[in-house]
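A.B. asks: Sharing model-v4.cif, mmCIF, C-alpha atoms:
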data_my_file
#
loop_
_atom_site.label_atom_id
_atom_site.label_comp_id
_atom_site.auth_asym_id
_atom_site.auth_seq_id
_atom_site.Cartn_x
_atom_site.Cartn_y
_atom_site.Cartn_z
CA MET C 1 207.51 25.21 34.41
CA THR C 2 204.42 25.76 36.53
CA ILE C 3 204.54 25.92 40.27
CA TYR C 4 202.75 22.60 40.29
CA MET C 5 205.51 20.96 38.29
CA ARG C 6 208.22 22.44 40.49
CA THR C 7 206.36 21.42 43.61
CA ALA C 8 205.73 17.95 42.25
CA CYS C 9 209.36 17.52 41.30
CA ALA C 10 210.51 18.57 44.76
CA PHE C 11 207.93 16.30 46.31
CA ALA C 12 208.95 13.38 44.11
CA ALA C 13 212.66 13.92 44.72
CA THR C 14 212.13 13.90 48.45
CA ALA C 15 209.93 10.85 48.14
CA MET C 16 212.57 9.12 46.02
CA ALA C 17 215.13 9.65 48.73
CA ALA C 18 212.73 8.39 51.34
CA THR C 19 212.04 5.29 49.27
CA ILE C 20 215.65 4.16 49.37
CA GLY C 21 215.66 1.20 51.66
CA GLY C 22 213.11 -0.75 49.74
CA PHE C 23 209.46 -1.50 50.01
CA ALA C 24 209.86 -4.58 52.16
CA SER C 25 208.09 -2.95 55.08
CA ALA C 26 205.19 -1.67 53.03
CA ALA C 27 201.96 -3.46 53.70
CA ALA C 28 200.39 -5.44 50.94
CA GLN C 29 198.24 -2.92 49.11
CA SER C 30 196.52 -2.72 45.80
CA SER C 31 198.69 -1.40 43.02
CA ASP C 32 195.70 0.16 41.32
CA TYR C 33 196.34 3.78 42.21
CA SER C 34 193.75 5.13 39.79
CA THR C 35 191.07 4.73 42.44
CA LEU C 36 192.90 6.92 44.92
CA PRO C 37 192.26 10.52 43.80
CA ILE C 38 189.03 12.12 44.98
CA ASP C 39 187.18 13.99 42.27
CA PRO C 40 186.52 17.57 43.48
CA ASN C 41 183.16 17.42 41.74
CA LEU C 42 182.02 15.38 44.71
CA ILE C 43 182.01 18.56 46.77
CA THR C 44 180.92 20.98 44.03
CA ASP C 45 177.99 21.19 41.67
CA SER C 46 179.23 17.97 40.03
CA LEU C 47 180.14 19.64 36.74
CA ALA C 48 182.75 22.22 37.63
CA TYR C 49 185.91 20.17 37.05
CA SER C 50 187.20 17.90 34.36
CA ALA C 51 190.03 15.45 34.95
CA ALA C 52 193.07 14.93 32.76
CA PRO C 53 194.28 11.36 32.32
CA PHE C 54 195.91 10.26 35.55
CA ASP C 55 199.68 10.07 35.75
CA ILE C 56 200.35 6.68 37.30
CA ASP C 57 203.67 6.34 39.13
CA PRO C 58 204.76 9.95 38.48
CA ASP C 59 208.52 10.39 38.13
CA GLY C 60 208.98 6.69 38.81
CA GLN C 61 207.41 6.89 42.25
CA GLN C 62 204.60 4.53 43.20
CA GLY C 63 201.41 6.51 43.30
CA VAL C 64 199.28 8.76 41.14
CA THR C 65 198.85 12.37 40.11
CA ALA C 66 195.48 13.73 39.01
CA VAL C 67 194.87 17.20 37.58
CA TYR C 68 191.36 18.66 37.67
CA THR C 69 190.66 21.81 35.67
CA HIS C 70 187.76 24.16 36.27
CA ARG C 71 185.45 24.73 33.30
CA GLU C 72 185.68 28.50 33.67
CA GLY C 73 188.56 29.02 31.27
CA GLY C 74 190.91 26.83 33.22
CA THR C 75 191.50 29.58 35.76
CA ARG C 76 191.41 27.10 38.60
CA THR C 77 193.17 23.76 38.87
CA ILE C 78 193.37 21.18 41.61
CA THR C 79 196.31 18.79 41.46
CA THR C 80 196.28 15.76 43.72
CA THR C 81 199.38 13.63 44.15
CA VAL C 82 199.39 10.51 46.31
CA LEU C 83 202.69 8.70 46.66
CA ILE C 84 203.07 5.31 48.29
CA LEU C 85 206.21 4.96 50.36
CA PRO C 86 207.77 2.14 52.39
CA ASP C 87 206.44 3.31 55.74
CA ALA C 88 204.78 6.15 57.58
CA GLN C 89 208.07 7.76 58.54
CA ALA C 90 209.16 7.92 54.93
CA ALA C 91 205.77 9.32 53.95
CA ALA C 92 205.96 12.09 56.51
CA ALA C 93 209.53 12.90 55.57
CA SER C 94 208.68 13.14 51.89
CA LEU C 95 206.32 16.03 52.54
CA ASN C 96 209.06 18.32 53.75
CA GLY C 97 209.49 21.11 51.28
CA ALA C 98 206.43 20.16 49.24
CA ALA C 99 205.19 23.76 49.41
CA ALA C 100 208.58 25.42 49.14
CA GLU C 101 207.64 27.19 45.91
CA VAL C 102 204.78 29.16 47.46
CA ALA C 103 205.62 32.86 47.71
CA ASN C 104 204.55 34.84 50.78
CA PRO C 105 203.47 31.61 52.45
CA GLN C 106 201.07 31.44 55.34
CA THR C 107 201.13 28.05 57.03
CA GLN C 108 198.26 26.60 59.01
CA PRO C 109 197.71 23.19 60.56
CA VAL C 110 194.52 21.57 59.31
CA PRO C 111 192.57 18.57 60.62
CA VAL C 112 193.45 16.26 57.75
CA GLY C 113 195.34 13.00 58.11
CA ALA C 114 198.63 13.04 59.99
CA GLY C 115 200.48 16.33 60.06
CA GLY C 116 197.93 18.05 57.86
CA THR C 117 199.25 21.44 56.81
CA ALA C 118 197.94 24.07 54.43
CA VAL C 119 200.35 26.61 52.94
CA SER C 120 198.69 29.55 51.19
CA GLY C 121 200.33 32.26 49.15
CA MET C 122 201.11 33.24 45.61
CA SER C 123 202.97 31.69 42.74
CA PRO C 124 206.57 32.90 42.40
CA ASP C 125 205.61 35.20 39.51
CA GLY C 126 202.60 36.56 41.39
CA THR C 127 200.07 35.62 38.73
CA GLN C 128 198.21 32.96 40.68
CA SER C 129 196.98 32.24 44.17
CA VAL C 130 198.36 28.95 45.46
CA THR C 131 197.37 26.75 48.36
CA VAL C 132 199.17 23.46 49.01
CA LEU C 133 197.67 20.93 51.41
CA THR C 134 200.01 18.18 52.61
CA PHE C 135 199.29 15.25 54.86
CA ALA C 136 200.32 11.68 55.45
CA GLU C 137 198.15 8.65 56.04
CA GLY C 138 200.15 5.59 56.92
CA ASN C 139 202.69 5.10 54.17
CA ALA C 140 200.84 7.42 51.78
CA ALA C 141 202.05 10.97 51.31
CA THR C 142 199.56 13.37 49.74
CA THR C 143 199.76 16.87 48.33
CA ILE C 144 196.75 18.71 46.94
CA GLU C 145 197.59 21.96 45.20
CA PHE C 146 194.94 24.58 44.42
CA ASP C 147 195.94 27.14 41.80
CA GLY C 148 193.54 29.99 41.09
CA PRO C 149 193.19 33.65 40.18
CA PRO C 150 195.37 35.97 42.25
CA ASN C 151 192.34 37.66 43.81
CA ASP C 152 190.35 34.49 44.38
CA PRO C 153 192.22 31.91 46.44
CA VAL C 154 190.53 28.63 47.26
CA PRO C 155 188.25 28.84 50.33
CA PRO C 156 190.01 27.26 53.32
CA ASP C 157 187.01 25.12 54.21
CA MET C 158 187.04 23.60 50.73
CA VAL C 159 190.69 22.65 51.23
CA VAL C 160 189.83 20.86 54.44
CA THR C 161 186.72 19.19 53.02
CA LEU C 162 188.49 17.83 49.97
CA GLY C 163 191.51 16.83 52.06
CA GLN C 164 189.39 14.88 54.51
CA LYS C 165 187.61 13.05 51.72
CA GLN C 166 190.97 12.25 50.14
CA ASP C 167 192.27 11.00 53.48
CA THR C 168 189.24 8.74 53.87
CA ALA C 169 189.73 7.34 50.38
CA ILE C 170 193.36 6.53 51.14
CA ARG C 171 192.44 4.77 54.37
CA ASP C 172 189.77 2.77 52.60
CA TRP C 173 192.28 1.83 49.90
CA GLN C 174 194.86 0.79 52.47
CA ILE C 175 192.55 -1.64 54.23
CA ALA C 176 190.95 -2.98 51.08
CA MET Z 1 122.49 107.91 37.74
CA ASN Z 2 121.51 106.33 41.02
CA ARG Z 3 122.80 102.98 39.86
CA LEU Z 4 126.15 104.46 38.93
CA ALA Z 5 126.46 106.19 42.27
CA THR Z 6 125.61 102.99 44.09
CA ALA Z 7 128.22 101.02 42.15
CA VAL Z 8 130.94 103.56 42.88
CA ALA Z 9 130.09 103.56 46.53
CA VAL Z 10 130.24 99.76 46.78
CA ALA Z 11 133.57 99.71 44.95
CA ALA Z 12 135.01 102.32 47.26
CA LEU Z 13 133.94 100.43 50.37
CA THR Z 14 135.40 97.17 49.08
CA ALA Z 15 138.72 98.75 48.10
CA GLY Z 16 139.01 100.46 51.43
CA ALA Z 17 138.57 97.27 53.34
CA VAL Z 18 141.18 95.43 51.29
CA LEU Z 19 143.79 98.17 51.31
CA THR Z 20 143.59 98.85 55.01
CA ALA Z 21 143.74 95.24 56.22
CA PRO Z 22 147.59 94.68 56.02
CA SER Z 23 148.40 97.79 57.92
CA ALA Z 24 145.97 96.86 60.60
CA THR Z 25 147.52 93.40 60.96
CA ALA Z 26 151.02 94.82 61.04
CA ALA Z 27 150.08 97.20 63.73
CA SER Z 28 148.59 94.49 65.95
CA THR Z 29 151.51 91.94 65.60
CA PRO Z 30 154.85 93.71 65.59
CA HIS Z 31 156.91 90.42 65.98
CA ASP Z 32 156.82 87.29 63.80
CA THR Z 33 155.22 84.61 65.91
CA THR Z 34 155.28 81.87 63.28
CA VAL Z 35 156.37 78.53 64.76
CA TYR Z 36 158.85 76.76 62.55
CA THR Z 37 159.21 72.99 62.96
CA GLN Z 38 162.74 71.57 62.83
CA PRO Z 39 163.20 68.54 60.56
CA ALA Z 40 163.83 65.25 62.29
CA PRO Z 41 167.55 64.62 62.84
CA ILE Z 42 169.23 62.03 60.64
CA PRO Z 43 169.92 58.88 62.68
CA ALA Z 44 173.56 58.22 63.32
CA GLU Z 45 173.29 54.74 61.82
CA ALA Z 46 171.38 54.87 58.60
CA LYS Z 47 169.16 51.88 58.06
CA VAL Z 48 170.44 50.23 54.89
CA ALA Z 49 169.21 46.90 53.66
CA GLN Z 50 172.38 45.16 52.50
CA LEU Z 51 171.80 43.33 49.27
CA ASP Z 52 174.05 41.22 47.11
CA CYS Z 53 177.12 42.49 45.31
CA ARG Z 54 175.05 43.80 42.41
CA GLY Z 55 172.56 45.60 44.57
CA THR Z 56 169.79 43.12 44.01
CA THR Z 57 168.39 40.28 46.01
CA GLY Z 58 170.53 37.88 44.02
CA ASN Z 59 170.01 35.63 41.07
CA MET Z 60 169.48 32.59 43.23
CA GLY Z 61 168.46 34.12 46.49
CA CYS Z 62 171.99 34.19 47.85
CA GLY Z 63 171.07 36.86 50.37
CA PRO Z 64 172.89 39.82 51.78
CA GLY Z 65 176.63 39.86 51.24
CA TRP Z 66 176.64 36.90 48.90
CA PHE Z 67 177.04 36.60 45.16
CA TRP Z 68 176.05 33.91 42.69
CA ARG Z 69 178.94 32.94 40.41
CA ASP Z 70 180.93 30.04 39.00
CA GLY Z 71 183.73 29.73 41.53
CA TRP Z 72 185.78 27.06 43.26
CA ARG Z 73 182.68 25.05 44.12
CA GLY Z 74 181.10 25.63 40.74
CA TRP Z 75 177.88 27.64 40.56
CA ALA Z 76 177.11 28.67 44.10
CA CYS Z 77 176.71 31.60 46.46
CA TYR Z 78 180.05 33.16 47.39
CA PRO Z 79 180.83 36.01 49.76
CA CYS Z 80 181.20 39.40 48.09
#
Once you've parsed the file, please lay out its structure as structure tokens.
C.D. replies:
Amino acid sequence: MTIYMRTACAFAATAMAATIGGFASAAAQSSDYSTLPIDPNLITDSLAYSAAPFDIDPDGQQGVTAVYTHREGGTRTITTTVLILPDAQAAAASLNGAAAEVANPQTQPVPVGAGGTAVSGMSPDGTQSVTVLTFAEGNAATTIEFDGPPNDPVPPDMVVTLGQKQDTAIRDWQIA
Amino acid sequence: MNRLATAVAVAALTAGAVLTAPSATAASTPHDTTVYTQPAPIPAEAKVAQLDCRGTTGNMGCGPGWFWRDGWRGWACYPC
């Protein structure tokens, strides 16, 4: 099981707990989650990443997971998960522990969404660099995980840039 | 006979002048007065033009301290 899968499972389990109580308070929003993930090629040379088919409603949670793999032998992946929860409080709560699997973590607040946080470190087996960005935007809880070579972690400014674009896309989707 | 005597005399005069010159110089300058010039000192901070990681000006003009490769942003200049 990759660190992404463990992280996603923890994230989804927390989100599942936060969802209990129903979706009655959730605003009317489009159920087409496939438009939510931001393609990282928008901030690269436009050819670096290829997307796997999106996982709609991962683990039974409303939302989407998108995995983008770098063309250079798949040594870098970006996994974006956006979950739609009943309210902002549930969204913020669901992010607790989303980066628990990062070894030797260094946590930094980042200017992305509400409570934007970047946790950088290594995978538990030490074979990959890992950075997990988490933030909430209204009732949407987002994690973006960057897995790369152990000696080449994702540049922090790229984390912020992609996160801010993702945040903007979520806001646009929420008011659409 | 006269020619031979003249030639010998000229040779003797020439050899005498050559052989006696060093001793005359040595006698007039007993100490070495040659002025030796010291080489310029090496500056404390050597002037090095920093180039890219491969020691060139870069495939795509990345500039000093940068390296052209296929990284997180795709093909771009990245710090060394």
A.B. asks: Find the nearest atom pair between each residue of chain Z and chain C for residues within 9 Å, count only C-alpha atoms, give distances in Å to one decimal, sort rows by chain and ascending number, and present the table as JSON lines.
C.D. replies:
{"residue": "Z:Asp70", "atom": "CA", "partner": "C:Glu72", "partner_atom": "CA", "distance": 7.3}
{"residue": "Z:Gly71", "atom": "CA", "partner": "C:Glu72", "partner_atom": "CA", "distance": 8.2}
{"residue": "Z:Trp72", "atom": "CA", "partner": "C:Val154", "partner_atom": "CA", "distance": 6.4}
{"residue": "Z:Arg73", "atom": "CA", "partner": "C:Thr44", "partner_atom": "CA", "distance": 4.4}
{"residue": "Z:Gly74", "atom": "CA", "partner": "C:Ala48", "partner_atom": "CA", "distance": 4.9}
{"residue": "Z:Trp75", "atom": "CA", "partner": "C:Asp45", "partner_atom": "CA", "distance": 6.5}
{"residue": "Z:Ala76", "atom": "CA", "partner": "C:Asp45", "partner_atom": "CA", "distance": 7.9}
A.B. asks: In Å, how far is it from CA of Leu36 (chain C) to CA of Pro111 (chain C)?
C.D. replies: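 CA of Pro111 (chain C) lies at a distance of 19.6 Å from CA of Leu36 (chain C).
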A.B. asks: So how far away is CA of Val160 (chain C) from CA of Gly60 (chain C), in Å?
C.D. replies: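 Interatomic distance, CA of Gly60 (chain C) to CA of Val160 (chain C): 28.5 Å.
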A.B. asks: Applied to this file, what does the PyMOL selection byres ((chain C and resi 164) around 10) return in terms of residues, put as a list of chain:residue names?
C.D. replies: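 Applied to this file, the PyMOL selection byres ((chain C and resi 164) around 10) selects C:Ile38, C:Val110, C:Pro111, C:Val112, C:Gly113, C:Gly116, C:Phe135, C:Met158, C:Val159, C:Val160, C:Thr161, C:Leu162, C:Gly163, C:Lys165, C:Gln166, C:Asp167, C:Thr168, C:Ala169, C:Ile170.
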A.B. asks: Suppose we keep C-alpha atoms; can you now write the selection as a PDB file, in the frame of the given file?
C.D. replies:
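Result file is again-v3.pdb:
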ATOM      1  CA  ILE C  38     189.030  12.120  44.980  1.00  0.00           C
ATOM      2  CA  VAL C 110     194.520  21.570  59.310  1.00  0.00           C
ATOM      3  CA  PRO C 111     192.570  18.570  60.620  1.00  0.00           C
ATOM      4  CA  VAL C 112     193.450  16.260  57.750  1.00  0.00           C
ATOM      5  CA  GLY C 113     195.340  13.000  58.110  1.00  0.00           C
ATOM      6  CA  GLY C 116     197.930  18.050  57.860  1.00  0.00           C
ATOM      7  CA  PHE C 135     199.290  15.250  54.860  1.00  0.00           C
ATOM      8  CA  MET C 158     187.040  23.600  50.730  1.00  0.00           C
ATOM      9  CA  VAL C 159     190.690  22.650  51.230  1.00  0.00           C
ATOM     10  CA  VAL C 160     189.830  20.860  54.440  1.00  0.00           C
ATOM     11  CA  THR C 161     186.720  19.190  53.020  1.00  0.00           C
ATOM     12  CA  LEU C 162     188.490  17.830  49.970  1.00  0.00           C
ATOM     13  CA  GLY C 163     191.510  16.830  52.060  1.00  0.00           C
ATOM     14  CA  LYS C 165     187.610  13.050  51.720  1.00  0.00           C
ATOM     15  CA  GLN C 166     190.970  12.250  50.140  1.00  0.00           C
ATOM     16  CA  ASP C 167     192.270  11.000  53.480  1.00  0.00           C
ATOM     17  CA  THR C 168     189.240   8.740  53.870  1.00  0.00           C
ATOM     18  CA  ALA C 169     189.730   7.340  50.380  1.00  0.00           C
ATOM     19  CA  ILE C 170     193.360   6.530  51.140  1.00  0.00           C
TER      20      ILE C 170
END
A.B. asks: Work out how far apart CA of Thr143 (chain C) and CA of Val82 (chain C) are and give it in Å to one decimal.
C.D. replies: 6.7 Å
A.B. asks: Check what the PyMOL selection byres ((chain C and resi 118) around 8) selects in the file above and give those residues as a list in words.
C.D. replies: Thr107, Gln108, Pro109, Val110, Gly116, Thr117, Val119, Ser120, Thr131, Val132, Leu133 and Thr134 of chain C
